[in-house]
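A short worksheet on the structure shown next.
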Amino acid sequence: MTEVTKEQVLQTLSKVRGPDLEGDIVSLGMVSDVFISDSKVYFSVSVPADRAKELEPLRSAAERIVKAIPGVKSVLATLTADRKAGSAPASRPAPQAQAGGHAHPHPPKPAKSGVPGVGAIIAVASGKGGVGKSTTAVNLALGLLANGLRVGLLDADIYGPSVPRLLKISGRPEQIDGKYIKPMENYGLKAMSMGFLVDEETAMIWRGPMVQSALLQMLREVAWGDLDVLVVDMPPGTGDVQLTMAQQVPLAGAVIVSTPQDLALIDARKAVNMFRKVEIPLLGIVENMSYFLAPDTGNRYDIFGHGGAKAEAERIGVPFLGEVPLTMEIRERSDAGTPVVAAVPDGPSAAIYRDIATAVWAQVSGRPQRKAPSIVFE
């Protein structure tokens, strides 16, 4: 099979023009870095933010023309809203007049739309990697499912997706009517991840705008069906994905995962402060790897210290959701793609996750659905 090159893709895209653009989308600098993996092509097209819906046919045309290149297996083209993109003129609505006839200098922004059919969206986040956030997100989602809810799981960690392995799902998702993607499923849990679209060892070398666009497509162009809750496994840290989720999606709240030691808690505080900054409710903190239970003797060892996350939660006035021990069972079953909540539902570890799920849902179900906030940087 002929190997597809970036030059081929850009040359092909140079034939695409918008309805009123003075030039093609490549020469206008509207095409992001092109990423090719296993003959699958990924790129995004930057358009003015206030014309994103209007220029959706531009994205479709770009996707179709690249898909026709010999050797291309599939294409994912995404729109990135960029107010400086291209030279397409942007029409601006007239300012709204206040009582007395004066125009309001800052008209209110429209409410951000949620995901059709999804009741509540919960983010699972951490200030740093390596604290077991993805394992917690998967078992939290399965705990909510075990408690009788309809649940989906979105792996938003674009650069390091773990959900395919944790849920033992392989293969590629199907498309419905050429537009929507059918989520993958295992253990009764609907799931979507960039890991279903690229090979496990592929390095995702994407810039921020492309990541944001791909994330929003995985949220809104996946046929989730009717869900009570969608759990989002966020990437570690406080970067583009977190801000995109806070700005574009009406999150019901965030769960912060940390280990007990001081270094992890320092980073957890950053995550807490970020969500407070963007006015997302903090549903609580989970202390993961809270203590170690020796499998041969049953003795307990506080390898990373103990109680740090609980003390931090009390200090900052955030609910403490529970302690998850570091056990061989959780580690082995996570590596094997058989999470403890699904594989050993009556075991002590599964009971801990179900209790955390109960505490999280009690807060979410008691809150009215939120509108996504606007973000203001000082």
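In the structure tokens, chains take letters A, B, ... by order of appearance, with residues numbered from 1 within each chain and ligands from 1 in the order shown.
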
I'd like the neighbourhood of Lys310 in chain A as a PDB file with N, CA and C atoms, in the first residue's frame, where a residue qualifies if any of its atoms comes within 10 Å (using only C-alpha atoms), though same-chain residues fewer than 6 positions away should be ignored.
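The file below, selection-v2.pdb, is the result:
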```pdb
ATOM      1  N   SER A 258      -5.931  12.145  44.458  1.00  0.00           N
ATOM      2  CA  SER A 258      -4.577  12.414  44.942  1.00  0.00           C
ATOM      3  C   SER A 258      -4.090  11.230  45.759  1.00  0.00           C
ATOM      4  N   PRO A 260      -1.542  10.285  49.239  1.00  0.00           N
ATOM      5  CA  PRO A 260      -1.444  10.983  50.529  1.00  0.00           C
ATOM      6  C   PRO A 260      -0.241  11.901  50.703  1.00  0.00           C
ATOM      7  N   GLY A 284     -15.532  16.503  45.569  1.00  0.00           N
ATOM      8  CA  GLY A 284     -14.753  15.907  46.648  1.00  0.00           C
ATOM      9  C   GLY A 284     -13.404  15.405  46.194  1.00  0.00           C
ATOM     10  N   ILE A 285     -12.632  14.922  47.167  1.00  0.00           N
ATOM     11  CA  ILE A 285     -11.283  14.397  46.944  1.00  0.00           C
ATOM     12  C   ILE A 285     -11.251  12.917  47.305  1.00  0.00           C
ATOM     13  N   VAL A 286     -10.602  12.133  46.460  1.00  0.00           N
ATOM     14  CA  VAL A 286     -10.378  10.717  46.731  1.00  0.00           C
ATOM     15  C   VAL A 286      -8.899  10.529  47.062  1.00  0.00           C
ATOM     16  N   GLU A 287      -8.612   9.858  48.170  1.00  0.00           N
ATOM     17  CA  GLU A 287      -7.224   9.522  48.498  1.00  0.00           C
ATOM     18  C   GLU A 287      -6.936   8.129  47.940  1.00  0.00           C
ATOM     19  N   VAL A 318     -13.765  20.910  51.278  1.00  0.00           N
ATOM     20  CA  VAL A 318     -14.240  20.083  50.170  1.00  0.00           C
ATOM     21  C   VAL A 318     -14.591  18.705  50.729  1.00  0.00           C
ATOM     22  N   PRO A 319     -15.670  18.068  50.275  1.00  0.00           N
ATOM     23  CA  PRO A 319     -16.010  16.735  50.787  1.00  0.00           C
ATOM     24  C   PRO A 319     -14.876  15.731  50.573  1.00  0.00           C
ATOM     25  N   PHE A 320     -14.670  14.873  51.562  1.00  0.00           N
ATOM     26  CA  PHE A 320     -13.717  13.774  51.403  1.00  0.00           C
ATOM     27  C   PHE A 320     -14.519  12.531  51.036  1.00  0.00           C
ATOM     28  N   LEU A 321     -14.200  11.960  49.867  1.00  0.00           N
ATOM     29  CA  LEU A 321     -15.036  10.896  49.316  1.00  0.00           C
ATOM     30  C   LEU A 321     -14.629   9.499  49.763  1.00  0.00           C
ATOM     31  N   GLY A 322     -13.379   9.320  50.179  1.00  0.00           N
ATOM     32  CA  GLY A 322     -12.986   7.998  50.649  1.00  0.00           C
ATOM     33  C   GLY A 322     -11.526   7.659  50.376  1.00  0.00           C
ATOM     34  N   GLU A 323     -11.086   6.557  50.993  1.00  0.00           N
ATOM     35  CA  GLU A 323      -9.716   6.056  50.855  1.00  0.00           C
ATOM     36  C   GLU A 323      -9.728   4.771  50.041  1.00  0.00           C
TER      37      GLU A 323
END
```

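What separates CA of Lys73 in chain A from CA of Ser193 in chain A is a distance of 18.9 Å.
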
Surrounding residues of Trp361 in chain A excluding itself and chain neighbours under 4 positions, 12 Å, only C-alpha atoms, as a PDB file with C-alpha atoms, in the first residue's frame:
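Heads up, here's the output in selection34.pdb:
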```
ATOM      1  CA  GLY A 119     -28.049  14.226  32.286  1.00  0.00           C
ATOM      2  CA  ALA A 120     -24.897  15.166  34.219  1.00  0.00           C
ATOM      3  CA  ILE A 121     -21.217  15.345  33.306  1.00  0.00           C
ATOM      4  CA  ILE A 122     -18.609  14.660  35.984  1.00  0.00           C
ATOM      5  CA  LEU A 140     -16.222   5.223  39.713  1.00  0.00           C
ATOM      6  CA  ALA A 141     -18.161   4.893  36.448  1.00  0.00           C
ATOM      7  CA  GLY A 143     -19.754   2.007  40.673  1.00  0.00           C
ATOM      8  CA  LEU A 144     -22.378   4.444  39.379  1.00  0.00           C
ATOM      9  CA  LEU A 145     -23.512   1.738  36.951  1.00  0.00           C
ATOM     10  CA  ASN A 147     -25.863   1.657  41.711  1.00  0.00           C
ATOM     11  CA  GLY A 148     -28.483   1.502  38.960  1.00  0.00           C
ATOM     12  CA  LEU A 149     -27.575   4.486  36.774  1.00  0.00           C
ATOM     13  CA  VAL A 151     -23.412   5.615  32.620  1.00  0.00           C
ATOM     14  CA  ASP A 228     -27.868   9.667  33.676  1.00  0.00           C
ATOM     15  CA  VAL A 229     -24.204  10.570  33.946  1.00  0.00           C
ATOM     16  CA  LEU A 230     -21.110  10.817  31.779  1.00  0.00           C
ATOM     17  CA  VAL A 231     -17.796  10.417  33.623  1.00  0.00           C
ATOM     18  CA  ALA A 252     -21.962  19.107  37.175  1.00  0.00           C
ATOM     19  CA  GLY A 253     -18.760  18.922  39.209  1.00  0.00           C
ATOM     20  CA  ALA A 254     -15.236  17.568  39.548  1.00  0.00           C
ATOM     21  CA  VAL A 255     -13.685  14.750  41.564  1.00  0.00           C
ATOM     22  CA  LEU A 283     -17.622  17.076  44.461  1.00  0.00           C
ATOM     23  CA  GLY A 284     -14.753  15.907  46.648  1.00  0.00           C
ATOM     24  CA  LEU A 321     -15.036  10.896  49.316  1.00  0.00           C
ATOM     25  CA  ARG A 354     -19.457   1.994  45.086  1.00  0.00           C
ATOM     26  CA  ASP A 355     -19.517   4.069  48.278  1.00  0.00           C
ATOM     27  CA  ILE A 356     -17.547   6.823  46.507  1.00  0.00           C
ATOM     28  CA  ALA A 357     -19.995   6.639  43.600  1.00  0.00           C
ATOM     29  CA  SER A 365     -28.497  14.677  41.937  1.00  0.00           C
ATOM     30  CA  GLY A 366     -29.134  17.291  44.603  1.00  0.00           C
ATOM     31  CA  ARG A 367     -27.888  20.107  42.382  1.00  0.00           C
TER      32      ARG A 367
END
```

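CA of Met30 in chain A lies 5.3 Å from CA of Val45 in chain A.
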
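Between CA of Glu174 in chain A and CA of Ala336 in chain A the interatomic distance comes to 24.6 Å.
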
Item to check | Surrounding residues of Val257 in chain A excluding itself and chain neighbours under 2 positions, 9 Å, only C-alpha atoms, as JSON, numbers by chain | outcome: {"A": [124, 125, 126, 127, 131, 132, 133, 136, 255, 259, 268, 284, 285, 286, 287, 288, 309]}

Item to check | Top pick for closest residue to Leu167 in chain A, considering A:Ser39, A:Asn139, A:Ser27, A:Ser349 and counting only C-alpha atoms | outcome: A:Asn139

Item to check | Which of range 315-346 of chain A fall in strand (DSSP E), as a VMD selection string | outcome: chain A and resid 320 to 326

Item to check | Residues within 8 Å of Met194 in chain A, only C-alpha atoms, excluding chain neighbours under 5 positions, as a PyMOL selection string | outcome: chain A and resi 155-156+158+161

Store the residues picked out above in a file with C-alpha atoms, as a short mmCIF file (atom, residue, chain, number, x, y, z; two decimals), in the first residue's frame.
```cif
data_model
loop_
_atom_site.label_atom_id
_atom_site.label_comp_id
_atom_site.auth_asym_id
_atom_site.auth_seq_id
_atom_site.Cartn_x
_atom_site.Cartn_y
_atom_site.Cartn_z
CA ASP A 155 -11.40 9.27 28.01
CA ALA A 156 -10.34 12.91 27.56
CA ILE A 158 -5.82 12.62 24.43
CA PRO A 161 -5.54 7.31 26.78
#
```
